[in-house]
Amino acid sequence: MDYLNINKDAWDKRTKVHVDSKFYDVEAFKNGKSSLNTIELEQVGNVTGKKLLHLQCHFGQDTLSWARQGATVTGVDLSTEAIEQANELKSVLALDATFVANDIYKFGAENTEKFDVVFTSYGVLCWLPDLKQWAETISNSLITGGEFHLVEFHTFNDLLCGYSYFPDSEPDIEDEGTYTENCDGEKSKMVTWAHSLSEVINALISSGLSIEQFKEYPYSPYNCFEGLEFIAGKGYQMIHKKQQVPLLYSIKARKNS
Ligand SMILES: C[S@@+](CC[C@H](N)C(=O)[O-])C[C@H]1O[C@@H](n2cnc3c(N)ncnc32)[C@H](O)[C@@H]1O
């Protein structure tokens with residue numbers, strides 16, 4: 001199964017929908033609004049003068065937001081449509097950034113550049129079959145002392161939606177629409193893998209990174225799952241049997257040698 005081409009086609013189609021969505025609000029972004037949320041801004045901190053690699057950057061709003069914060073940025077994404085849109089945004093806004101259209105594993109095998117920070121967020125891990133290779137890519141891209149930052153949707157919600165929590169040898173292959181409000185109902189085949197929290201953490205540790213912070217959150221900034229309710233000043237929450245569901249987690253890790 002050619003999962004890369006299947007997922008690339010789906011993300012190319014999704015990108016065309018996303019750039020016109022209120023969800024991504026490109027107009028506000030062009031007018032100076034950052035697409036970054038408090039969680040990642042507080043976790044990553046001051047990036048002025050730092051070289052930052054953004055893995056699975058989609059069409060580049062977060063990457064360019066880090067550039068606006070003073071970082072020298074490189075964004076990598078599988079979708080050529082997303083990278084075209086990212087380059088278009090970069091030109092319109094006259095920002096400095098390098099965007100690379102590639103599978104992150106191929107990027108990892110070819111890349112020789114080192115970065116102070118590697119960042120990736122919100123809906124990235126399920127597209128990757130092998131987290132050991134993912135963590136090696138991160139570790140090999142960092143300078144000694146460099147930081148890795150992940151903010152990801154919590155797998156607990158996947159479990160409640162009927163997906164496996166524990167890693168499975170076989171991926172899920174499903175026809176899915178997208179998550180933005182302007183989704184026209186068109187579905188594309190997508191291939192995804194389940195990754196438990198221990199799998200993520202152990203992959204990072206095995207690649208030589210030290211975990212410095214692990215957090216879980218009951219609120220998400222994004223209204224992209226069924227059954228969410230908005231709580232002013234907090235974000236979206238999900239209640240299951242009267243209790244809050246963990247919707248996000250974040251990891252900060254450092255390459256020590
Ligand atoms: C949910 S989006 C990331 C979200 C991002 N934070 C955003 O909303 O701007 C997932 C991204 O992963 C990319 N992707 C999927 N598989 C990939 C792979 N093997 N290598 C690189 N990028 C991949 C997709 O093209 C998509 O842009």
# chains A, B, ... in the order shown; residues from 1 in each chain; ligands from 1

$ residues_around --residues "region 97-109 of chain A" --least-positions-apart "2" --cutoff "7 Å" --atoms "only C-alpha atoms" --output "PyMOL selection string"
chain A and resi 72-80+83+87+90+95+111+133-134+137

$ write_last_selection --atoms "C-alpha atoms" --output "mmCIF file, in the first residue's frame"
data_model
loop_
_atom_site.group_PDB
_atom_site.id
_atom_site.type_symbol
_atom_site.label_atom_id
_atom_site.label_comp_id
_atom_site.auth_asym_id
_atom_site.auth_seq_id
_atom_site.Cartn_x
_atom_site.Cartn_y
_atom_site.Cartn_z
ATOM 1 C CA THR A 72 14.791 31.616 11.208
ATOM 2 C CA VAL A 73 12.347 28.979 10.050
ATOM 3 C CA THR A 74 12.199 25.864 7.881
ATOM 4 C CA GLY A 75 8.868 24.087 7.358
ATOM 5 C CA VAL A 76 8.500 20.555 5.969
ATOM 6 C CA ASP A 77 5.286 18.959 4.717
ATOM 7 C CA LEU A 78 4.290 16.050 2.493
ATOM 8 C CA SER A 79 1.606 18.026 0.626
ATOM 9 C CA THR A 80 2.965 19.922 -2.400
ATOM 10 C CA ILE A 83 3.966 23.970 0.445
ATOM 11 C CA ASN A 87 5.381 29.905 -0.280
ATOM 12 C CA LYS A 90 5.507 33.929 2.595
ATOM 13 C CA LEU A 95 8.566 37.017 5.394
ATOM 14 C CA ASN A 111 18.963 16.678 5.909
ATOM 15 C CA GLN A 133 12.258 6.871 12.813
ATOM 16 C CA TRP A 134 10.325 10.060 13.583
ATOM 17 C CA THR A 137 14.721 12.537 12.499
#

$ residues_around --residues "Gln244 (chain A)" --least-positions-apart "3" --cutoff "12 Å" --atoms "only C-alpha atoms" --output "list in words"
Phe156, Asn157, Glu216, Tyr217, Pro218, Tyr219, Ser220, Gly227, Leu228, Glu229, Tyr236, Gln237, Met238, Ile239, His240, Lys241, Leu247 and Leu248 of chain A

$ residues_near_ligand --ligand "ligand 1" --cutoff "7 Å" --atoms "only C-alpha atoms and all ligand atoms" --output "PDB file with all heavy atoms, in the first residue's frame"
ATOM      1  N   LEU A   4       1.947   6.895   1.458  1.00  0.00           N
ATOM      2  CA  LEU A   4       2.405   8.284   1.289  1.00  0.00           C
ATOM      3  C   LEU A   4       1.614   9.002   0.212  1.00  0.00           C
ATOM      4  O   LEU A   4       1.192  10.147   0.385  1.00  0.00           O
ATOM      5  CB  LEU A   4       3.891   8.304   0.922  1.00  0.00           C
ATOM      6  CG  LEU A   4       4.877   8.266   2.084  1.00  0.00           C
ATOM      7  CD1 LEU A   4       6.297   8.325   1.563  1.00  0.00           C
ATOM      8  CD2 LEU A   4       4.623   9.388   3.081  1.00  0.00           C
ATOM      9  N   ASN A   7      -2.058   9.584   1.356  1.00  0.00           N
ATOM     10  CA  ASN A   7      -2.188  10.706   2.301  1.00  0.00           C
ATOM     11  C   ASN A   7      -1.824  12.038   1.645  1.00  0.00           C
ATOM     12  O   ASN A   7      -2.436  13.071   1.951  1.00  0.00           O
ATOM     13  CB  ASN A   7      -1.331  10.459   3.546  1.00  0.00           C
ATOM     14  CG  ASN A   7      -1.939   9.401   4.445  1.00  0.00           C
ATOM     15  OD1 ASN A   7      -3.126   9.075   4.322  1.00  0.00           O
ATOM     16  ND2 ASN A   7      -1.156   8.854   5.351  1.00  0.00           N
ATOM     17  N   LYS A   8      -0.867  12.005   0.724  1.00  0.00           N
ATOM     18  CA  LYS A   8      -0.505  13.263   0.029  1.00  0.00           C
ATOM     19  C   LYS A   8      -1.710  13.782  -0.769  1.00  0.00           C
ATOM     20  O   LYS A   8      -2.043  14.969  -0.695  1.00  0.00           O
ATOM     21  CB  LYS A   8       0.690  13.031  -0.903  1.00  0.00           C
ATOM     22  CG  LYS A   8       1.080  14.284  -1.666  1.00  0.00           C
ATOM     23  CD  LYS A   8       2.136  14.038  -2.720  1.00  0.00           C
ATOM     24  CE  LYS A   8       2.362  15.267  -3.562  1.00  0.00           C
ATOM     25  NZ  LYS A   8       1.188  15.794  -4.246  1.00  0.00           N
ATOM     26  N   TRP A  11      -4.255  15.253   1.633  1.00  0.00           N
ATOM     27  CA  TRP A  11      -3.834  16.550   2.198  1.00  0.00           C
ATOM     28  C   TRP A  11      -3.775  17.648   1.143  1.00  0.00           C
ATOM     29  O   TRP A  11      -4.012  18.820   1.440  1.00  0.00           O
ATOM     30  CB  TRP A  11      -2.521  16.404   2.968  1.00  0.00           C
ATOM     31  CG  TRP A  11      -2.809  15.868   4.345  1.00  0.00           C
ATOM     32  CD1 TRP A  11      -2.608  14.603   4.802  1.00  0.00           C
ATOM     33  CD2 TRP A  11      -3.419  16.591   5.424  1.00  0.00           C
ATOM     34  NE1 TRP A  11      -3.044  14.486   6.101  1.00  0.00           N
ATOM     35  CE2 TRP A  11      -3.539  15.698   6.507  1.00  0.00           C
ATOM     36  CE3 TRP A  11      -3.869  17.897   5.588  1.00  0.00           C
ATOM     37  CZ2 TRP A  11      -4.109  16.077   7.732  1.00  0.00           C
ATOM     38  CZ3 TRP A  11      -4.429  18.277   6.806  1.00  0.00           C
ATOM     39  CH2 TRP A  11      -4.539  17.368   7.854  1.00  0.00           C
ATOM     40  N   LEU A  55       8.114  20.546  11.649  1.00  0.00           N
ATOM     41  CA  LEU A  55       7.765  19.318  10.918  1.00  0.00           C
ATOM     42  C   LEU A  55       6.254  19.239  10.735  1.00  0.00           C
ATOM     43  O   LEU A  55       5.493  19.521  11.656  1.00  0.00           O
ATOM     44  CB  LEU A  55       8.262  18.096  11.691  1.00  0.00           C
ATOM     45  CG  LEU A  55       9.781  17.986  11.828  1.00  0.00           C
ATOM     46  CD1 LEU A  55      10.151  16.794  12.711  1.00  0.00           C
ATOM     47  CD2 LEU A  55      10.471  17.874  10.474  1.00  0.00           C
ATOM     48  N   GLN A  56       5.829  18.823   9.532  1.00  0.00           N
ATOM     49  CA  GLN A  56       4.395  18.726   9.172  1.00  0.00           C
ATOM     50  C   GLN A  56       3.709  20.092   9.339  1.00  0.00           C
ATOM     51  O   GLN A  56       2.722  20.247  10.054  1.00  0.00           O
ATOM     52  CB  GLN A  56       3.720  17.619   9.983  1.00  0.00           C
ATOM     53  CG  GLN A  56       4.328  16.247   9.646  1.00  0.00           C
ATOM     54  CD  GLN A  56       3.806  15.138  10.524  1.00  0.00           C
ATOM     55  OE1 GLN A  56       4.520  14.672  11.403  1.00  0.00           O
ATOM     56  NE2 GLN A  56       2.583  14.698  10.293  1.00  0.00           N
ATOM     57  N   CYS A  57       4.254  21.060   8.616  1.00  0.00           N
ATOM     58  CA  CYS A  57       3.892  22.476   8.809  1.00  0.00           C
ATOM     59  C   CYS A  57       2.589  22.865   8.124  1.00  0.00           C
ATOM     60  O   CYS A  57       2.184  24.025   8.205  1.00  0.00           O
ATOM     61  CB  CYS A  57       5.024  23.356   8.306  1.00  0.00           C
ATOM     62  SG  CYS A  57       5.291  23.239   6.516  1.00  0.00           S
ATOM     63  N   HIS A  58       1.933  21.928   7.435  1.00  0.00           N
ATOM     64  CA  HIS A  58       0.719  22.227   6.675  1.00  0.00           C
ATOM     65  C   HIS A  58       0.988  23.430   5.754  1.00  0.00           C
ATOM     66  O   HIS A  58       2.041  23.466   5.120  1.00  0.00           O
ATOM     67  CB  HIS A  58      -0.471  22.416   7.612  1.00  0.00           C
ATOM     68  CG  HIS A  58      -1.798  22.239   6.927  1.00  0.00           C
ATOM     69  ND1 HIS A  58      -1.959  21.413   5.845  1.00  0.00           N
ATOM     70  CD2 HIS A  58      -3.033  22.786   7.159  1.00  0.00           C
ATOM     71  CE1 HIS A  58      -3.216  21.457   5.445  1.00  0.00           C
ATOM     72  NE2 HIS A  58      -3.887  22.290   6.215  1.00  0.00           N
ATOM     73  N   PHE A  59       0.082  24.430   5.656  1.00  0.00           N
ATOM     74  CA  PHE A  59       0.380  25.498   4.695  1.00  0.00           C
ATOM     75  C   PHE A  59       1.065  26.710   5.346  1.00  0.00           C
ATOM     76  O   PHE A  59       1.021  27.820   4.817  1.00  0.00           O
ATOM     77  CB  PHE A  59      -0.844  25.880   3.850  1.00  0.00           C
ATOM     78  CG  PHE A  59      -1.989  26.519   4.576  1.00  0.00           C
ATOM     79  CD1 PHE A  59      -2.099  27.897   4.692  1.00  0.00           C
ATOM     80  CD2 PHE A  59      -2.982  25.731   5.144  1.00  0.00           C
ATOM     81  CE1 PHE A  59      -3.167  28.486   5.354  1.00  0.00           C
ATOM     82  CE2 PHE A  59      -4.057  26.318   5.808  1.00  0.00           C
ATOM     83  CZ  PHE A  59      -4.146  27.699   5.912  1.00  0.00           C
ATOM     84  N   GLY A  60       1.750  26.447   6.454  1.00  0.00           N
ATOM     85  CA  GLY A  60       2.797  27.356   6.918  1.00  0.00           C
ATOM     86  C   GLY A  60       2.411  28.496   7.843  1.00  0.00           C
ATOM     87  O   GLY A  60       3.284  29.295   8.205  1.00  0.00           O
ATOM     88  N   GLN A  61       1.155  28.570   8.278  1.00  0.00           N
ATOM     89  CA  GLN A  61       0.807  29.718   9.127  1.00  0.00           C
ATOM     90  C   GLN A  61       1.591  29.693  10.447  1.00  0.00           C
ATOM     91  O   GLN A  61       2.090  30.730  10.880  1.00  0.00           O
ATOM     92  CB  GLN A  61      -0.703  29.773   9.398  1.00  0.00           C
ATOM     93  CG  GLN A  61      -1.497  30.123   8.152  1.00  0.00           C
ATOM     94  CD  GLN A  61      -2.909  30.655   8.446  1.00  0.00           C
ATOM     95  OE1 GLN A  61      -3.327  31.642   7.900  1.00  0.00           O
ATOM     96  NE2 GLN A  61      -3.631  29.962   9.298  1.00  0.00           N
ATOM     97  N   ASP A  62       1.699  28.514  11.076  1.00  0.00           N
ATOM     98  CA  ASP A  62       2.451  28.452  12.342  1.00  0.00           C
ATOM     99  C   ASP A  62       3.934  28.736  12.085  1.00  0.00           C
ATOM    100  O   ASP A  62       4.590  29.425  12.867  1.00  0.00           O
ATOM    101  CB  ASP A  62       2.308  27.066  12.998  1.00  0.00           C
ATOM    102  CG  ASP A  62       0.938  26.861  13.637  1.00  0.00           C
ATOM    103  OD1 ASP A  62       0.085  27.764  13.550  1.00  0.00           O
ATOM    104  OD2 ASP A  62       0.717  25.772  14.214  1.00  0.00           O
ATOM    105  N   VAL A  76       8.512  21.748   6.837  1.00  0.00           N
ATOM    106  CA  VAL A  76       8.500  20.555   5.969  1.00  0.00           C
ATOM    107  C   VAL A  76       7.104  19.956   5.972  1.00  0.00           C
ATOM    108  O   VAL A  76       6.500  19.802   7.043  1.00  0.00           O
ATOM    109  CB  VAL A  76       9.494  19.479   6.491  1.00  0.00           C
ATOM    110  CG1 VAL A  76       9.489  18.258   5.580  1.00  0.00           C
ATOM    111  CG2 VAL A  76      10.894  20.044   6.616  1.00  0.00           C
ATOM    112  N   ASP A  77       6.594  19.616   4.793  1.00  0.00           N
ATOM    113  CA  ASP A  77       5.286  18.959   4.717  1.00  0.00           C
ATOM    114  C   ASP A  77       5.217  18.088   3.462  1.00  0.00           C
ATOM    115  O   ASP A  77       5.792  18.415   2.428  1.00  0.00           O
ATOM    116  CB  ASP A  77       4.152  19.991   4.695  1.00  0.00           C
ATOM    117  CG  ASP A  77       2.823  19.363   5.113  1.00  0.00           C
ATOM    118  OD1 ASP A  77       2.167  18.738   4.253  1.00  0.00           O
ATOM    119  OD2 ASP A  77       2.472  19.462   6.306  1.00  0.00           O
ATOM    120  N   LEU A  78       4.464  17.000   3.599  1.00  0.00           N
ATOM    121  CA  LEU A  78       4.290  16.050   2.493  1.00  0.00           C
ATOM    122  C   LEU A  78       3.481  16.642   1.338  1.00  0.00           C
ATOM    123  O   LEU A  78       3.705  16.298   0.173  1.00  0.00           O
ATOM    124  CB  LEU A  78       3.542  14.829   3.052  1.00  0.00           C
ATOM    125  CG  LEU A  78       3.190  13.704   2.097  1.00  0.00           C
ATOM    126  CD1 LEU A  78       4.456  13.031   1.556  1.00  0.00           C
ATOM    127  CD2 LEU A  78       2.331  12.659   2.811  1.00  0.00           C
ATOM    128  N   SER A  79       2.545  17.530   1.635  1.00  0.00           N
ATOM    129  CA  SER A  79       1.606  18.026   0.626  1.00  0.00           C
ATOM    130  C   SER A  79       2.241  19.131  -0.219  1.00  0.00           C
ATOM    131  O   SER A  79       2.598  20.193   0.311  1.00  0.00           O
ATOM    132  CB  SER A  79       0.347  18.553   1.324  1.00  0.00           C
ATOM    133  OG  SER A  79      -0.365  19.402   0.463  1.00  0.00           O
ATOM    134  N   ALA A  82       0.145  22.224  -0.033  1.00  0.00           N
ATOM    135  CA  ALA A  82       0.363  22.992   1.205  1.00  0.00           C
ATOM    136  C   ALA A  82       1.640  23.824   1.097  1.00  0.00           C
ATOM    137  O   ALA A  82       1.661  24.991   1.499  1.00  0.00           O
ATOM    138  CB  ALA A  82       0.432  22.043   2.407  1.00  0.00           C
ATOM    139  N   ASN A 102       8.252  17.394   1.331  1.00  0.00           N
ATOM    140  CA  ASN A 102       8.874  16.070   1.463  1.00  0.00           C
ATOM    141  C   ASN A 102       8.189  15.290   2.576  1.00  0.00           C
ATOM    142  O   ASN A 102       7.587  15.859   3.491  1.00  0.00           O
ATOM    143  CB  ASN A 102      10.370  16.224   1.795  1.00  0.00           C
ATOM    144  CG  ASN A 102      11.201  15.057   1.283  1.00  0.00           C
ATOM    145  OD1 ASN A 102      10.666  14.018   0.886  1.00  0.00           O
ATOM    146  ND2 ASN A 102      12.511  15.230   1.290  1.00  0.00           N
ATOM    147  N   ASP A 103       8.296  13.968   2.486  1.00  0.00           N
ATOM    148  CA  ASP A 103       7.949  13.082   3.590  1.00  0.00           C
ATOM    149  C   ASP A 103       8.970  13.334   4.709  1.00  0.00           C
ATOM    150  O   ASP A 103      10.169  13.479   4.414  1.00  0.00           O
ATOM    151  CB  ASP A 103       8.055  11.641   3.063  1.00  0.00           C
ATOM    152  CG  ASP A 103       8.068  10.618   4.173  1.00  0.00           C
ATOM    153  OD1 ASP A 103       7.382  10.830   5.187  1.00  0.00           O
ATOM    154  OD2 ASP A 103       8.772   9.587   4.011  1.00  0.00           O
ATOM    155  N   ILE A 104       8.542  13.384   5.963  1.00  0.00           N
ATOM    156  CA  ILE A 104       9.520  13.743   7.001  1.00  0.00           C
ATOM    157  C   ILE A 104      10.618  12.677   7.144  1.00  0.00           C
ATOM    158  O   ILE A 104      11.727  13.004   7.518  1.00  0.00           O
ATOM    159  CB  ILE A 104       8.910  14.092   8.377  1.00  0.00           C
ATOM    160  CG1 ILE A 104       8.273  12.906   9.057  1.00  0.00           C
ATOM    161  CG2 ILE A 104       7.993  15.279   8.317  1.00  0.00           C
ATOM    162  CD1 ILE A 104       8.205  13.141  10.565  1.00  0.00           C
ATOM    163  N   TYR A 105      10.313  11.413   6.831  1.00  0.00           N
ATOM    164  CA  TYR A 105      11.372  10.400   6.931  1.00  0.00           C
ATOM    165  C   TYR A 105      12.432  10.620   5.846  1.00  0.00           C
ATOM    166  O   TYR A 105      13.630  10.471   6.081  1.00  0.00           O
ATOM    167  CB  TYR A 105      10.801   8.981   6.791  1.00  0.00           C
ATOM    168  CG  TYR A 105       9.825   8.592   7.885  1.00  0.00           C
ATOM    169  CD1 TYR A 105       8.712   7.802   7.590  1.00  0.00           C
ATOM    170  CD2 TYR A 105      10.019   8.967   9.204  1.00  0.00           C
ATOM    171  CE1 TYR A 105       7.822   7.420   8.580  1.00  0.00           C
ATOM    172  CE2 TYR A 105       9.125   8.596  10.198  1.00  0.00           C
ATOM    173  CZ  TYR A 105       8.030   7.824   9.884  1.00  0.00           C
ATOM    174  OH  TYR A 105       7.156   7.446  10.869  1.00  0.00           O
ATOM    175  N   THR A 120       6.482  20.655  16.348  1.00  0.00           N
ATOM    176  CA  THR A 120       5.440  19.998  15.554  1.00  0.00           C
ATOM    177  C   THR A 120       4.164  19.967  16.398  1.00  0.00           C
ATOM    178  O   THR A 120       4.232  19.845  17.619  1.00  0.00           O
ATOM    179  CB  THR A 120       5.898  18.590  15.089  1.00  0.00           C
ATOM    180  OG1 THR A 120       5.001  18.095  14.098  1.00  0.00           O
ATOM    181  CG2 THR A 120       5.991  17.590  16.227  1.00  0.00           C
ATOM    182  N   SER A 121       2.987  20.096  15.738  1.00  0.00           N
ATOM    183  CA  SER A 121       1.787  20.265  16.578  1.00  0.00           C
ATOM    184  C   SER A 121       0.478  19.855  15.915  1.00  0.00           C
ATOM    185  O   SER A 121       0.336  19.908  14.696  1.00  0.00           O
ATOM    186  CB  SER A 121       1.668  21.743  16.984  1.00  0.00           C
ATOM    187  OG  SER A 121       1.362  22.530  15.867  1.00  0.00           O
ATOM    188  N   TYR A 122      -0.477  19.480  16.781  1.00  0.00           N
ATOM    189  CA  TYR A 122      -1.905  19.342  16.476  1.00  0.00           C
ATOM    190  C   TYR A 122      -2.240  18.472  15.253  1.00  0.00           C
ATOM    191  O   TYR A 122      -2.504  18.981  14.174  1.00  0.00           O
ATOM    192  CB  TYR A 122      -2.548  20.730  16.300  1.00  0.00           C
ATOM    193  CG  TYR A 122      -2.445  21.620  17.507  1.00  0.00           C
ATOM    194  CD1 TYR A 122      -1.526  22.667  17.542  1.00  0.00           C
ATOM    195  CD2 TYR A 122      -3.245  21.400  18.628  1.00  0.00           C
ATOM    196  CE1 TYR A 122      -1.421  23.482  18.666  1.00  0.00           C
ATOM    197  CE2 TYR A 122      -3.135  22.219  19.760  1.00  0.00           C
ATOM    198  CZ  TYR A 122      -2.225  23.256  19.764  1.00  0.00           C
ATOM    199  OH  TYR A 122      -2.113  24.078  20.873  1.00  0.00           O
ATOM    200  N   GLY A 123      -2.240  17.178  15.461  1.00  0.00           N
ATOM    201  CA  GLY A 123      -2.698  16.275  14.395  1.00  0.00           C
ATOM    202  C   GLY A 123      -1.578  15.792  13.497  1.00  0.00           C
ATOM    203  O   GLY A 123      -1.750  15.695  12.287  1.00  0.00           O
ATOM    204  N   VAL A 124      -0.427  15.492  14.107  1.00  0.00           N
ATOM    205  CA  VAL A 124       0.728  15.101  13.292  1.00  0.00           C
ATOM    206  C   VAL A 124       1.093  13.612  13.379  1.00  0.00           C
ATOM    207  O   VAL A 124       1.484  13.015  12.369  1.00  0.00           O
ATOM    208  CB  VAL A 124       1.967  15.965  13.644  1.00  0.00           C
ATOM    209  CG1 VAL A 124       1.827  17.354  13.048  1.00  0.00           C
ATOM    210  CG2 VAL A 124       2.209  16.075  15.149  1.00  0.00           C
ATOM    211  N   TRP A 127      -0.248  10.228  11.189  1.00  0.00           N
ATOM    212  CA  TRP A 127       0.107  10.005   9.771  1.00  0.00           C
ATOM    213  C   TRP A 127       1.399   9.232   9.606  1.00  0.00           C
ATOM    214  O   TRP A 127       1.816   8.930   8.492  1.00  0.00           O
ATOM    215  CB  TRP A 127       0.224  11.363   9.041  1.00  0.00           C
ATOM    216  CG  TRP A 127      -0.958  12.215   9.309  1.00  0.00           C
ATOM    217  CD1 TRP A 127      -1.033  13.287  10.155  1.00  0.00           C
ATOM    218  CD2 TRP A 127      -2.289  12.014   8.801  1.00  0.00           C
ATOM    219  NE1 TRP A 127      -2.318  13.768  10.197  1.00  0.00           N
ATOM    220  CE2 TRP A 127      -3.101  13.009   9.379  1.00  0.00           C
ATOM    221  CE3 TRP A 127      -2.848  11.100   7.917  1.00  0.00           C
ATOM    222  CZ2 TRP A 127      -4.467  13.104   9.103  1.00  0.00           C
ATOM    223  CZ3 TRP A 127      -4.198  11.191   7.644  1.00  0.00           C
ATOM    224  CH2 TRP A 127      -4.987  12.184   8.233  1.00  0.00           C
ATOM    225  N   LEU A 128       2.052   8.922  10.749  1.00  0.00           N
ATOM    226  CA  LEU A 128       3.396   8.330  10.697  1.00  0.00           C
ATOM    227  C   LEU A 128       3.382   6.887  11.192  1.00  0.00           C
ATOM    228  O   LEU A 128       2.943   6.622  12.316  1.00  0.00           O
ATOM    229  CB  LEU A 128       4.352   9.158  11.560  1.00  0.00           C
ATOM    230  CG  LEU A 128       4.380  10.662  11.239  1.00  0.00           C
ATOM    231  CD1 LEU A 128       5.288  11.388  12.204  1.00  0.00           C
ATOM    232  CD2 LEU A 128       4.781  10.910   9.787  1.00  0.00           C
TER     233      LEU A 128
END

$ select_by_dssp --residues "region 92-130 of chain A" --states "strand (DSSP E)" --output "PDB file with C-alpha atoms, in the first residue's frame"
ATOM      1  CA  ALA A  97      11.198  31.125   5.478  1.00  0.00           C
ATOM      2  CA  THR A  98      12.291  27.938   3.722  1.00  0.00           C
ATOM      3  CA  PHE A  99       9.530  25.471   2.846  1.00  0.00           C
ATOM      4  CA  VAL A 100      10.336  21.906   1.796  1.00  0.00           C
ATOM      5  CA  ALA A 101       7.844  19.504   0.191  1.00  0.00           C
ATOM      6  CA  PHE A 115      18.415  23.462  14.367  1.00  0.00           C
ATOM      7  CA  ASP A 116      18.056  25.005  17.845  1.00  0.00           C
ATOM      8  CA  VAL A 117      14.374  24.051  18.009  1.00  0.00           C
ATOM      9  CA  VAL A 118      12.228  21.371  16.359  1.00  0.00           C
ATOM     10  CA  PHE A 119       8.489  22.029  16.635  1.00  0.00           C
ATOM     11  CA  THR A 120       5.440  19.998  15.554  1.00  0.00           C
ATOM     12  CA  SER A 121       1.787  20.265  16.578  1.00  0.00           C
TER      13      SER A 121
END

$ atom_distance --atom1 "CA of Asp25 (chain A)" --atom2 "CA of Ala10 (chain A)"
20.7 Å

$ residues_around --residues "Ser139 (chain A)" --least-positions-apart "4" --cutoff "7 Å" --atoms "only C-alpha atoms" --output "ChimeraX atom specification"
/A:135,207-209,255

$ closest_residue --among "A:Asn46, A:Thr180, A:Thr63, A:Asn5" --to "Phe29 (chain A)" --atoms "only C-alpha atoms"
A:Thr63

$ atom_distance --atom1 "CA of Asn140 (chain A)" --atom2 "CA of Glu113 (chain A)"
8.9 Å

$ atom_distance --atom1 "CA of His18 (chain A)" --atom2 "CA of Pro129 (chain A)"
24.6 Å

$ residues_around --residues "His195 (chain A)" --least-positions-apart "4" --cutoff "9 Å" --atoms "only C-alpha atoms" --output "compact mmCIF listing (two decimals) with N, CA, C and O atoms, in the first residue's frame"
# COMPACT_ATOMS: atom_id res chain seq x y z
N LEU A 125 0.98 13.00 14.55
CA LEU A 125 1.58 11.67 14.71
C LEU A 125 0.80 10.55 14.02
O LEU A 125 1.39 9.55 13.61
N CYS A 126 -0.51 10.72 13.88
CA CYS A 126 -1.30 9.61 13.33
C CYS A 126 -0.95 9.31 11.86
O CYS A 126 -1.27 8.24 11.35
N PRO A 129 3.89 5.94 10.38
CA PRO A 129 3.85 4.54 10.80
C PRO A 129 4.89 4.20 11.86
O PRO A 129 4.69 3.27 12.64
N LEU A 131 7.35 5.64 14.86
CA LEU A 131 7.75 6.76 15.71
C LEU A 131 9.24 6.73 16.08
O LEU A 131 9.81 7.77 16.42
N THR A 155 -4.64 11.01 22.61
CA THR A 155 -5.14 9.77 22.03
C THR A 155 -6.35 9.21 22.79
O THR A 155 -7.05 8.33 22.29
N SER A 164 -8.24 2.35 18.13
CA SER A 164 -7.34 1.71 19.08
C SER A 164 -6.54 2.76 19.83
O SER A 164 -6.11 3.76 19.26
N TYR A 165 -6.35 2.55 21.14
CA TYR A 165 -5.40 3.39 21.88
C TYR A 165 -3.99 2.84 21.69
O TYR A 165 -3.05 3.60 21.44
N PHE A 166 -3.87 1.52 21.74
CA PHE A 166 -2.54 0.90 21.64
C PHE A 166 -2.15 0.76 20.18
O PHE A 166 -3.00 0.55 19.31
N PRO A 167 -0.84 0.85 19.89
CA PRO A 167 -0.37 0.71 18.51
C PRO A 167 -0.80 -0.64 17.95
O PRO A 167 -0.79 -1.65 18.64
N ASP A 168 -1.20 -0.62 16.68
CA ASP A 168 -1.70 -1.80 15.99
C ASP A 168 -0.76 -2.06 14.82
O ASP A 168 -0.23 -1.11 14.25
N GLU A 199 4.40 5.02 23.75
CA GLU A 199 5.16 4.82 22.50
C GLU A 199 5.86 6.13 22.10
O GLU A 199 7.04 6.12 21.71
N VAL A 200 5.15 7.24 22.21
CA VAL A 200 5.72 8.55 21.85
C VAL A 200 6.92 8.86 22.75
O VAL A 200 8.01 9.19 22.29

$ residues_around --residues "Tyr179 (chain A)" --least-positions-apart "3" --cutoff "12 Å" --atoms "only C-alpha atoms" --output "NGL selection string"
:A and (11 or 14-15 or 17-18 or 21-24 or 123 or 176 or 182-187 or 222-226)

$ decode --residues "region 48-55 of chain A" --atoms "N, CA and C atoms" --output "PDB file, in the first residue's frame"
ATOM      1  N   THR A  48      13.710  34.339  19.317  1.00  0.00           N
ATOM      2  CA  THR A  48      14.463  35.360  18.572  1.00  0.00           C
ATOM      3  C   THR A  48      15.871  34.865  18.269  1.00  0.00           C
ATOM      4  N   GLY A  49      16.223  34.891  16.987  1.00  0.00           N
ATOM      5  CA  GLY A  49      17.573  34.516  16.568  1.00  0.00           C
ATOM      6  C   GLY A  49      17.804  33.014  16.511  1.00  0.00           C
ATOM      7  N   LYS A  50      16.756  32.216  16.809  1.00  0.00           N
ATOM      8  CA  LYS A  50      16.946  30.752  16.807  1.00  0.00           C
ATOM      9  C   LYS A  50      16.582  30.152  15.448  1.00  0.00           C
ATOM     10  N   LYS A  51      17.239  29.036  15.115  1.00  0.00           N
ATOM     11  CA  LYS A  51      16.870  28.282  13.904  1.00  0.00           C
ATOM     12  C   LYS A  51      15.821  27.253  14.300  1.00  0.00           C
ATOM     13  N   LEU A  52      14.664  27.336  13.689  1.00  0.00           N
ATOM     14  CA  LEU A  52      13.524  26.485  14.084  1.00  0.00           C
ATOM     15  C   LEU A  52      13.065  25.638  12.898  1.00  0.00           C
ATOM     16  N   LEU A  53      12.989  24.334  13.123  1.00  0.00           N
ATOM     17  CA  LEU A  53      12.464  23.398  12.119  1.00  0.00           C
ATOM     18  C   LEU A  53      11.042  23.017  12.509  1.00  0.00           C
ATOM     19  N   HIS A  54      10.094  23.249  11.596  1.00  0.00           N
ATOM     20  CA  HIS A  54       8.692  22.906  11.853  1.00  0.00           C
ATOM     21  C   HIS A  54       8.322  21.693  10.993  1.00  0.00           C
ATOM     22  N   LEU A  55       8.114  20.546  11.649  1.00  0.00           N
ATOM     23  CA  LEU A  55       7.765  19.318  10.918  1.00  0.00           C
ATOM     24  C   LEU A  55       6.254  19.239  10.735  1.00  0.00           C
TER      25      LEU A  55
END
